[in-house]
Amino acid sequence: MVLQNYDVILFLCSKLKFIVSSSVTEACNNSVLLLGPRGTGKVAVLELVLEDLLLEYPDMITLSGGVVFQIRLNGLLHSDDNSALKEIARQLCVEHQLVFSKMASFDDNSEFMIAMLRECGLAHKTVVFVLDEFDLFTQGKQRLLYALLDAMQSVTSQAVFIGVSCRLDADQLLEKRVKSRFSHRKLLFLPPSEEEIYRLLDHVLSLPVDSNLPHDYAMEFNAKLHSMFSDERFRQIIDSFMNFSPTVRHLVKFLFRAVSDMDLKLSNLSFENFKSAISSLQRQPKMECLRDCSILELYILVCMKRLEVKEQNSYSFSAVMKEYKSIHDSFQTSDYYSQDVCLRAFEHILQRGLVCFADGRGRIQSTEFRPVKLLISFAELSQGLKAHHLCPAILQKLAA
Amino acid sequence: MGKDEVPLITRRTTRSSSATAISTKNNVVESTTSTNICSPSPIDLLYGGEPIDLDVLLSNFPGRHPQIRELLQILGPLNAPMLPVFVYGGPSTGKTGILLQLFRHLNRPFVYSSCRTCYSPRILFESVLNQLSYHQKNSTNGYSSVKRCEKPSDFVNFLREALVGIVKSLKENRRKSKSSKKLERSIDGNMVYLIFDKLELVKDWDKSSTILPLLFNLDSMLNIPEVGLIFISSTPPDTFYSSMGYIEPIPLYFPTYNEDDLRQILVRNQANPKLYSSFLDVVLRPFCRITRRLDELSAVFSPLFIEYCKPLNDLAIVPNEDLKRKLFSNLQPHISLFLNETFRVLSQSSLGAERTKDGEPRGSKSKVGTCEDSDELDFHMSTSAKYLLISAFLASRNPATLDASFFDSRGGSADGRKRRRKPSEMAKGQKEAEEQELLSKGPGSFPLERLLAIFQCITSVAEDSLGEEVQEEDSLEVEGQNNPLMSDVLLQLSTLCNANFIVKGGTCPLEGSTRYRSVVSEDLALKVAKSVKFPLAKYVYRR
């Protein structure tokens, strides 16, 4: 597994395992929060731990399910209490081969859940509740959380409650009554450091020597890979990657892109693959938009910039048109078009996200009179003008 | 470029047409199930028609070789799992077209749903589920979907079931096809791809704050390696950032075409490529300064090309240098005219007017819209509606305090102006600046009573002038006291509101009445006034 080389992860793994297995062996309830930025391996660790436990405590002779089974909820889908309880009931039914009725009401479902918890407790089966995007469950009245944690306390149940969240302050979001029933255990996941990243790279990219690939080819591939790791340019790429976002999932995305770029004829990963991968992942969308603009659209952007420099707090499209006309009058440019054409060009840049309305949604006025503002900085604008291959010199002078 | 080709196969039409042909007296539904020529299978998810070669694909989309290559790399060889991809670029840059043709070439099953036709979460969910269960809405099932699915939680559960089912049947088909030789069309691979098009429209939905993270996290929620997700949008991924956060998909950028690519694309499918390319030599560069979008350029070039070819008798001719120069000088005056009308959609009547006036030199017309075809209104309005529109325009344009001077109680024209002193130079300059400011703030709002007052004034003027002319409109009966144009004013007002000539503002809780605002341009108001012979210029506040 990818994560076995990862020391911190091992430590967290063992801790989590201890928590869950103590619930199994000592028949008690436990609760824990897994916190950390996106892509640092929280769910992956959880899956590992549960897999391990299933191996350790294999299926007893009971008819319905193993000793440990999990109920998974997701904050994006089940933040509403009704749907959450429905989902819990559905998963309980699936696990125990019962028939699930879609028409059951909220009360029915919650009674069912409490009854099942009691039964599982009596039969010494541990229920693991996994709540992804835990912070989304804390919106509203937190009825579900309270019901779950309360049931765990009062009913003779054997349950583990694991919340997974990317908000590091997720436990501060809990209400007082929920917080009091929650053991304040948190496991913090952090992105890997540089040397851990190199170890991960090695582990992921090296070909296994004893698989069905020809042995010589695998050895040669790995040797080339290791020599590339010590190359200075490669280290620069990894440095820029670390500055950007060093979580494990981003690393996997980066490696996927590099591997998909691999030239199958060369049958080796080369430095260019990584270079093109990093450049395709680190994009500058506003620069790309600016390079795609037509010259009239650039004129409008420059006019807006000049209006903002003159510190006009709110200006509308008609003010931009006046500025455009004054530029034409003073410099006699060849690009002077009618109001309709300019309005349409303005709508193009609105669509692309380079400018936006300053008054939010819901105003009924027409496009010409609503206040607008630039969404790019002046530096970006001048950079984009320089990079544009057809930009007239006058525009660059005006934007300076 | 807008032609959404639904991935259906001719097989479906034969199934339903055969069903209706053999329909029994009792139940059409029964006969559909009994005449099952072909059971639904993953083949229905392929692109209809024969698969194409990579060369054909590359030649169909000039200028897109790097993007096609990158897409092929990310999609990978057969059965290679993939991370979600986010394809973005300006409108009409070929994103949807290339993706669909690519799947035609790769011969892999996919599910396509566009967030423009599926304009709410429920319709989107049901469309995806329908396609996955090979269900088509027709009259036998009352145009209903396979399952009713409104909540995201239900959607993820159903989706998981359907995808697992499809992947299983794909693997079985593979085994079957190995054993039996006869199969109409084979599918490549065990993977299913979900394509979500026009994603930028989801940002305007009510539930966008839950739907967007759901779609972007769908990959990790489903956790099925045989499913690939592809998103298409015309805005870049940074416009989708939200506070929720998600692992971003792999971005793939389609830049707008540069001039050479545009030329290559526009020359395709032309009857006389050499003539068209000499035409493009002349017009492409100036028009590219305004817009580089392919759809707008092709829309403006088609009438211009007709103008270009006017002096030619034989359209199949290959022009030499001399002829090119002649054609260019002929086209020159039209170019500047068309430059300022790049985005104007020519109405039918004006197109006809252009064709009949053959010998008219159009270059003599000025830019301010006094072309013969734009002097008249393109649409028909009743007289009272026209007067109402004019009064709304005046009410929005003039400040309320000047009403008394403009409109006498008898409805005379601005006689008061003769009595005013001649303003001094400074006052004039000030007034001009004020007027400019007023104009730039946009049309003002007015209550209903003011509108009706102005309307009454104006129409009593019109009454007098109408009485002098011959009655043409027989619906109007000039009576002594009642002003016939006043009838149904409120009905006309609501019609104008629906047609977006007048916009209704919010009610002010202090004043208690709704305020309206006229959003017509001055050009349109002038046209309307001219059609009823109303001296608009005398009533508009200026200087």
# chains A, B, ... in the order shown; residues from 1 in each chain; ligands from 1
$ select_by_dssp --residues "stretch 142-230 of chain A" --states "alpha helix (DSSP H)" --output "JSON, numbers by chain"
{"A": [143, 144, 145, 146, 147, 148, 149, 150, 151, 152, 153, 154, 176, 177, 178, 179, 180, 194, 195, 196, 197, 198, 199, 200, 201, 202, 203, 204, 205, 215, 216, 217, 218, 219, 220, 221, 222, 223, 224, 225, 226, 227, 228, 229]}
$ interface_residues --of "chain B" --to "chain A" --cutoff "6 Å" --atoms "only C-alpha atoms" --output "list in words"
Gln73, Ile74, Pro152, Ser153, Thr235, Thr256, Arg289, Ile290, Thr291, Asn340, Ser440 and Gly442 of chain B
$ residues_around --residues "A:Lys125" --least-positions-apart "4" --cutoff "6 Å" --atoms "only C-alpha atoms" --output "PDB file with all heavy atoms, in the first residue's frame"
ATOM      1  N   VAL A  67     -18.346  -9.143  12.699  1.00  0.00           N
ATOM      2  CA  VAL A  67     -18.333  -8.570  14.027  1.00  0.00           C
ATOM      3  C   VAL A  67     -18.293  -7.042  13.960  1.00  0.00           C
ATOM      4  O   VAL A  67     -18.791  -6.362  14.841  1.00  0.00           O
ATOM      5  CB  VAL A  67     -17.094  -9.110  14.778  1.00  0.00           C
ATOM      6  CG1 VAL A  67     -16.997  -8.471  16.118  1.00  0.00           C
ATOM      7  CG2 VAL A  67     -17.211 -10.611  14.890  1.00  0.00           C
ATOM      8  N   VAL A  68     -17.669  -6.552  12.934  1.00  0.00           N
ATOM      9  CA  VAL A  68     -17.563  -5.099  12.792  1.00  0.00           C
ATOM     10  C   VAL A  68     -18.176  -4.726  11.460  1.00  0.00           C
ATOM     11  O   VAL A  68     -17.839  -5.311  10.443  1.00  0.00           O
ATOM     12  CB  VAL A  68     -16.077  -4.667  12.798  1.00  0.00           C
ATOM     13  CG1 VAL A  68     -15.962  -3.203  12.496  1.00  0.00           C
ATOM     14  CG2 VAL A  68     -15.445  -5.005  14.122  1.00  0.00           C
ATOM     15  N   CYS A 120     -27.412  -4.924  18.443  1.00  0.00           N
ATOM     16  CA  CYS A 120     -26.008  -5.150  18.130  1.00  0.00           C
ATOM     17  C   CYS A 120     -25.160  -5.152  19.381  1.00  0.00           C
ATOM     18  O   CYS A 120     -24.217  -5.937  19.516  1.00  0.00           O
ATOM     19  CB  CYS A 120     -25.503  -4.067  17.178  1.00  0.00           C
ATOM     20  SG  CYS A 120     -26.154  -4.232  15.525  1.00  0.00           S
ATOM     21  N   GLY A 121     -25.522  -4.278  20.302  1.00  0.00           N
ATOM     22  CA  GLY A 121     -24.768  -4.258  21.534  1.00  0.00           C
ATOM     23  C   GLY A 121     -24.893  -5.571  22.284  1.00  0.00           C
ATOM     24  O   GLY A 121     -23.919  -6.109  22.807  1.00  0.00           O
TER      25      GLY A 121
END
$ closest_residue --among "A:Ser230, A:Asn222, A:Asn268, A:Ser382" --to "A:Leu290" --atoms "only C-alpha atoms"
A:Ser382
$ residues_around --residues "A:Cys93" --least-positions-apart "2" --cutoff "12 Å" --atoms "only C-alpha atoms" --output "ChimeraX atom specification"
/A:64-65,71,86-91,95-102,109,112-113,116
$ write_last_selection --atoms "N, CA and C atoms" --output "PDB file, in the first residue's frame"
ATOM      1  N   SER A  64     -25.847 -13.041  10.347  1.00  0.00           N
ATOM      2  CA  SER A  64     -25.962 -11.762   9.651  1.00  0.00           C
ATOM      3  C   SER A  64     -24.727 -10.901   9.892  1.00  0.00           C
ATOM      4  N   GLY A  65     -23.808 -10.961   8.976  1.00  0.00           N
ATOM      5  CA  GLY A  65     -22.711 -10.003   8.972  1.00  0.00           C
ATOM      6  C   GLY A  65     -21.610 -10.336   9.959  1.00  0.00           C
ATOM      7  N   ILE A  71     -21.268   2.016   8.899  1.00  0.00           N
ATOM      8  CA  ILE A  71     -22.348   2.781   8.300  1.00  0.00           C
ATOM      9  C   ILE A  71     -21.727   4.098   7.856  1.00  0.00           C
ATOM     10  N   LYS A  86     -32.697   8.017   7.066  1.00  0.00           N
ATOM     11  CA  LYS A  86     -33.151   7.062   6.051  1.00  0.00           C
ATOM     12  C   LYS A  86     -31.968   6.245   5.555  1.00  0.00           C
ATOM     13  N   GLU A  87     -30.845   6.933   5.337  1.00  0.00           N
ATOM     14  CA  GLU A  87     -29.671   6.242   4.827  1.00  0.00           C
ATOM     15  C   GLU A  87     -29.137   5.257   5.852  1.00  0.00           C
ATOM     16  N   ILE A  88     -29.152   5.659   7.129  1.00  0.00           N
ATOM     17  CA  ILE A  88     -28.694   4.754   8.183  1.00  0.00           C
ATOM     18  C   ILE A  88     -29.565   3.511   8.208  1.00  0.00           C
ATOM     19  N   ALA A  89     -30.878   3.729   8.151  1.00  0.00           N
ATOM     20  CA  ALA A  89     -31.783   2.584   8.190  1.00  0.00           C
ATOM     21  C   ALA A  89     -31.564   1.685   6.986  1.00  0.00           C
ATOM     22  N   ARG A  90     -31.337   2.334   5.814  1.00  0.00           N
ATOM     23  CA  ARG A  90     -31.139   1.537   4.614  1.00  0.00           C
ATOM     24  C   ARG A  90     -29.892   0.699   4.727  1.00  0.00           C
ATOM     25  N   GLN A  91     -28.807   1.294   5.221  1.00  0.00           N
ATOM     26  CA  GLN A  91     -27.573   0.529   5.313  1.00  0.00           C
ATOM     27  C   GLN A  91     -27.674  -0.575   6.365  1.00  0.00           C
ATOM     28  N   GLU A  95     -27.136  -4.543   5.544  1.00  0.00           N
ATOM     29  CA  GLU A  95     -26.171  -5.345   6.287  1.00  0.00           C
ATOM     30  C   GLU A  95     -26.811  -6.593   6.867  1.00  0.00           C
ATOM     31  N   HIS A  96     -28.031  -6.442   7.335  1.00  0.00           N
ATOM     32  CA  HIS A  96     -28.672  -7.561   8.010  1.00  0.00           C
ATOM     33  C   HIS A  96     -29.710  -8.252   7.153  1.00  0.00           C
ATOM     34  N   GLN A  97     -29.688  -7.968   5.870  1.00  0.00           N
ATOM     35  CA  GLN A  97     -30.613  -8.597   4.937  1.00  0.00           C
ATOM     36  C   GLN A  97     -32.058  -8.442   5.355  1.00  0.00           C
ATOM     37  N   LEU A  98     -32.409  -7.243   5.747  1.00  0.00           N
ATOM     38  CA  LEU A  98     -33.802  -6.956   6.024  1.00  0.00           C
ATOM     39  C   LEU A  98     -34.362  -6.174   4.854  1.00  0.00           C
ATOM     40  N   VAL A  99     -35.659  -6.091   4.811  1.00  0.00           N
ATOM     41  CA  VAL A  99     -36.281  -5.353   3.726  1.00  0.00           C
ATOM     42  C   VAL A  99     -36.445  -3.903   4.138  1.00  0.00           C
ATOM     43  N   PHE A 100     -35.984  -3.028   3.300  1.00  0.00           N
ATOM     44  CA  PHE A 100     -36.036  -1.611   3.642  1.00  0.00           C
ATOM     45  C   PHE A 100     -37.254  -0.965   2.995  1.00  0.00           C
ATOM     46  N   SER A 101     -38.013  -0.239   3.774  1.00  0.00           N
ATOM     47  CA  SER A 101     -39.202   0.408   3.234  1.00  0.00           C
ATOM     48  C   SER A 101     -38.918   1.891   3.046  1.00  0.00           C
ATOM     49  N   LYS A 102     -39.173   2.373   1.860  1.00  0.00           N
ATOM     50  CA  LYS A 102     -38.869   3.780   1.595  1.00  0.00           C
ATOM     51  C   LYS A 102     -39.878   4.699   2.262  1.00  0.00           C
ATOM     52  N   ASN A 109     -37.709   5.527  11.483  1.00  0.00           N
ATOM     53  CA  ASN A 109     -36.300   5.258  11.228  1.00  0.00           C
ATOM     54  C   ASN A 109     -35.466   5.417  12.489  1.00  0.00           C
ATOM     55  N   PHE A 112     -36.029   2.526  14.753  1.00  0.00           N
ATOM     56  CA  PHE A 112     -35.353   1.361  14.186  1.00  0.00           C
ATOM     57  C   PHE A 112     -33.877   1.404  14.504  1.00  0.00           C
ATOM     58  N   MET A 113     -33.284   2.574  14.327  1.00  0.00           N
ATOM     59  CA  MET A 113     -31.848   2.683  14.549  1.00  0.00           C
ATOM     60  C   MET A 113     -31.507   2.381  16.003  1.00  0.00           C
ATOM     61  N   MET A 116     -31.838  -1.299  16.665  1.00  0.00           N
ATOM     62  CA  MET A 116     -30.736  -2.065  16.089  1.00  0.00           C
ATOM     63  C   MET A 116     -29.471  -1.894  16.913  1.00  0.00           C
TER      64      MET A 116
END
$ residues_around --residues "B:Asp219" --least-positions-apart "2" --cutoff "12 Å" --atoms "only C-alpha atoms" --output "PyMOL selection string"
chain B and resi 81-85+156+159-160+193-194+213-217+221-231+246-249
$ residues_around --residues "B:Ala395" --least-positions-apart "4" --cutoff "7 Å" --atoms "only C-alpha atoms" --output "PyMOL selection string"
chain B and resi 391+446+451
$ residues_around --residues "stretch 17-30 of chain A" --least-positions-apart "2" --cutoff "6 Å" --atoms "only C-alpha atoms" --output "CSV table (one decimal) with C-alpha atoms, in the first residue's frame"
chain,number,residue,atom,x,y,z
A,14,SER,CA,-2.1,2.4,14.9
A,15,LYS,CA,-3.8,4.9,17.1
A,49,VAL,CA,-7.8,0.1,9.7
A,126,THR,CA,-19.5,-3.2,16.8
A,158,GLN,CA,-21.1,-1.0,21.0
A,159,ALA,CA,-20.4,1.7,18.6
A,160,VAL,CA,-17.6,3.8,17.3
$ select_by_dssp --residues "stretch 109-224 of chain A" --states "strand (DSSP E)" --output "PyMOL selection string"
chain A and resi 126-132+159-165+186-188
$ atom_distance --atom1 "atom CA of A:Ile114" --atom2 "atom CA of A:Gln70"
15.6 Å
$ atom_distance --atom1 "atom CA of B:Leu170" --atom2 "atom CA of B:Met191"
8.1 Å
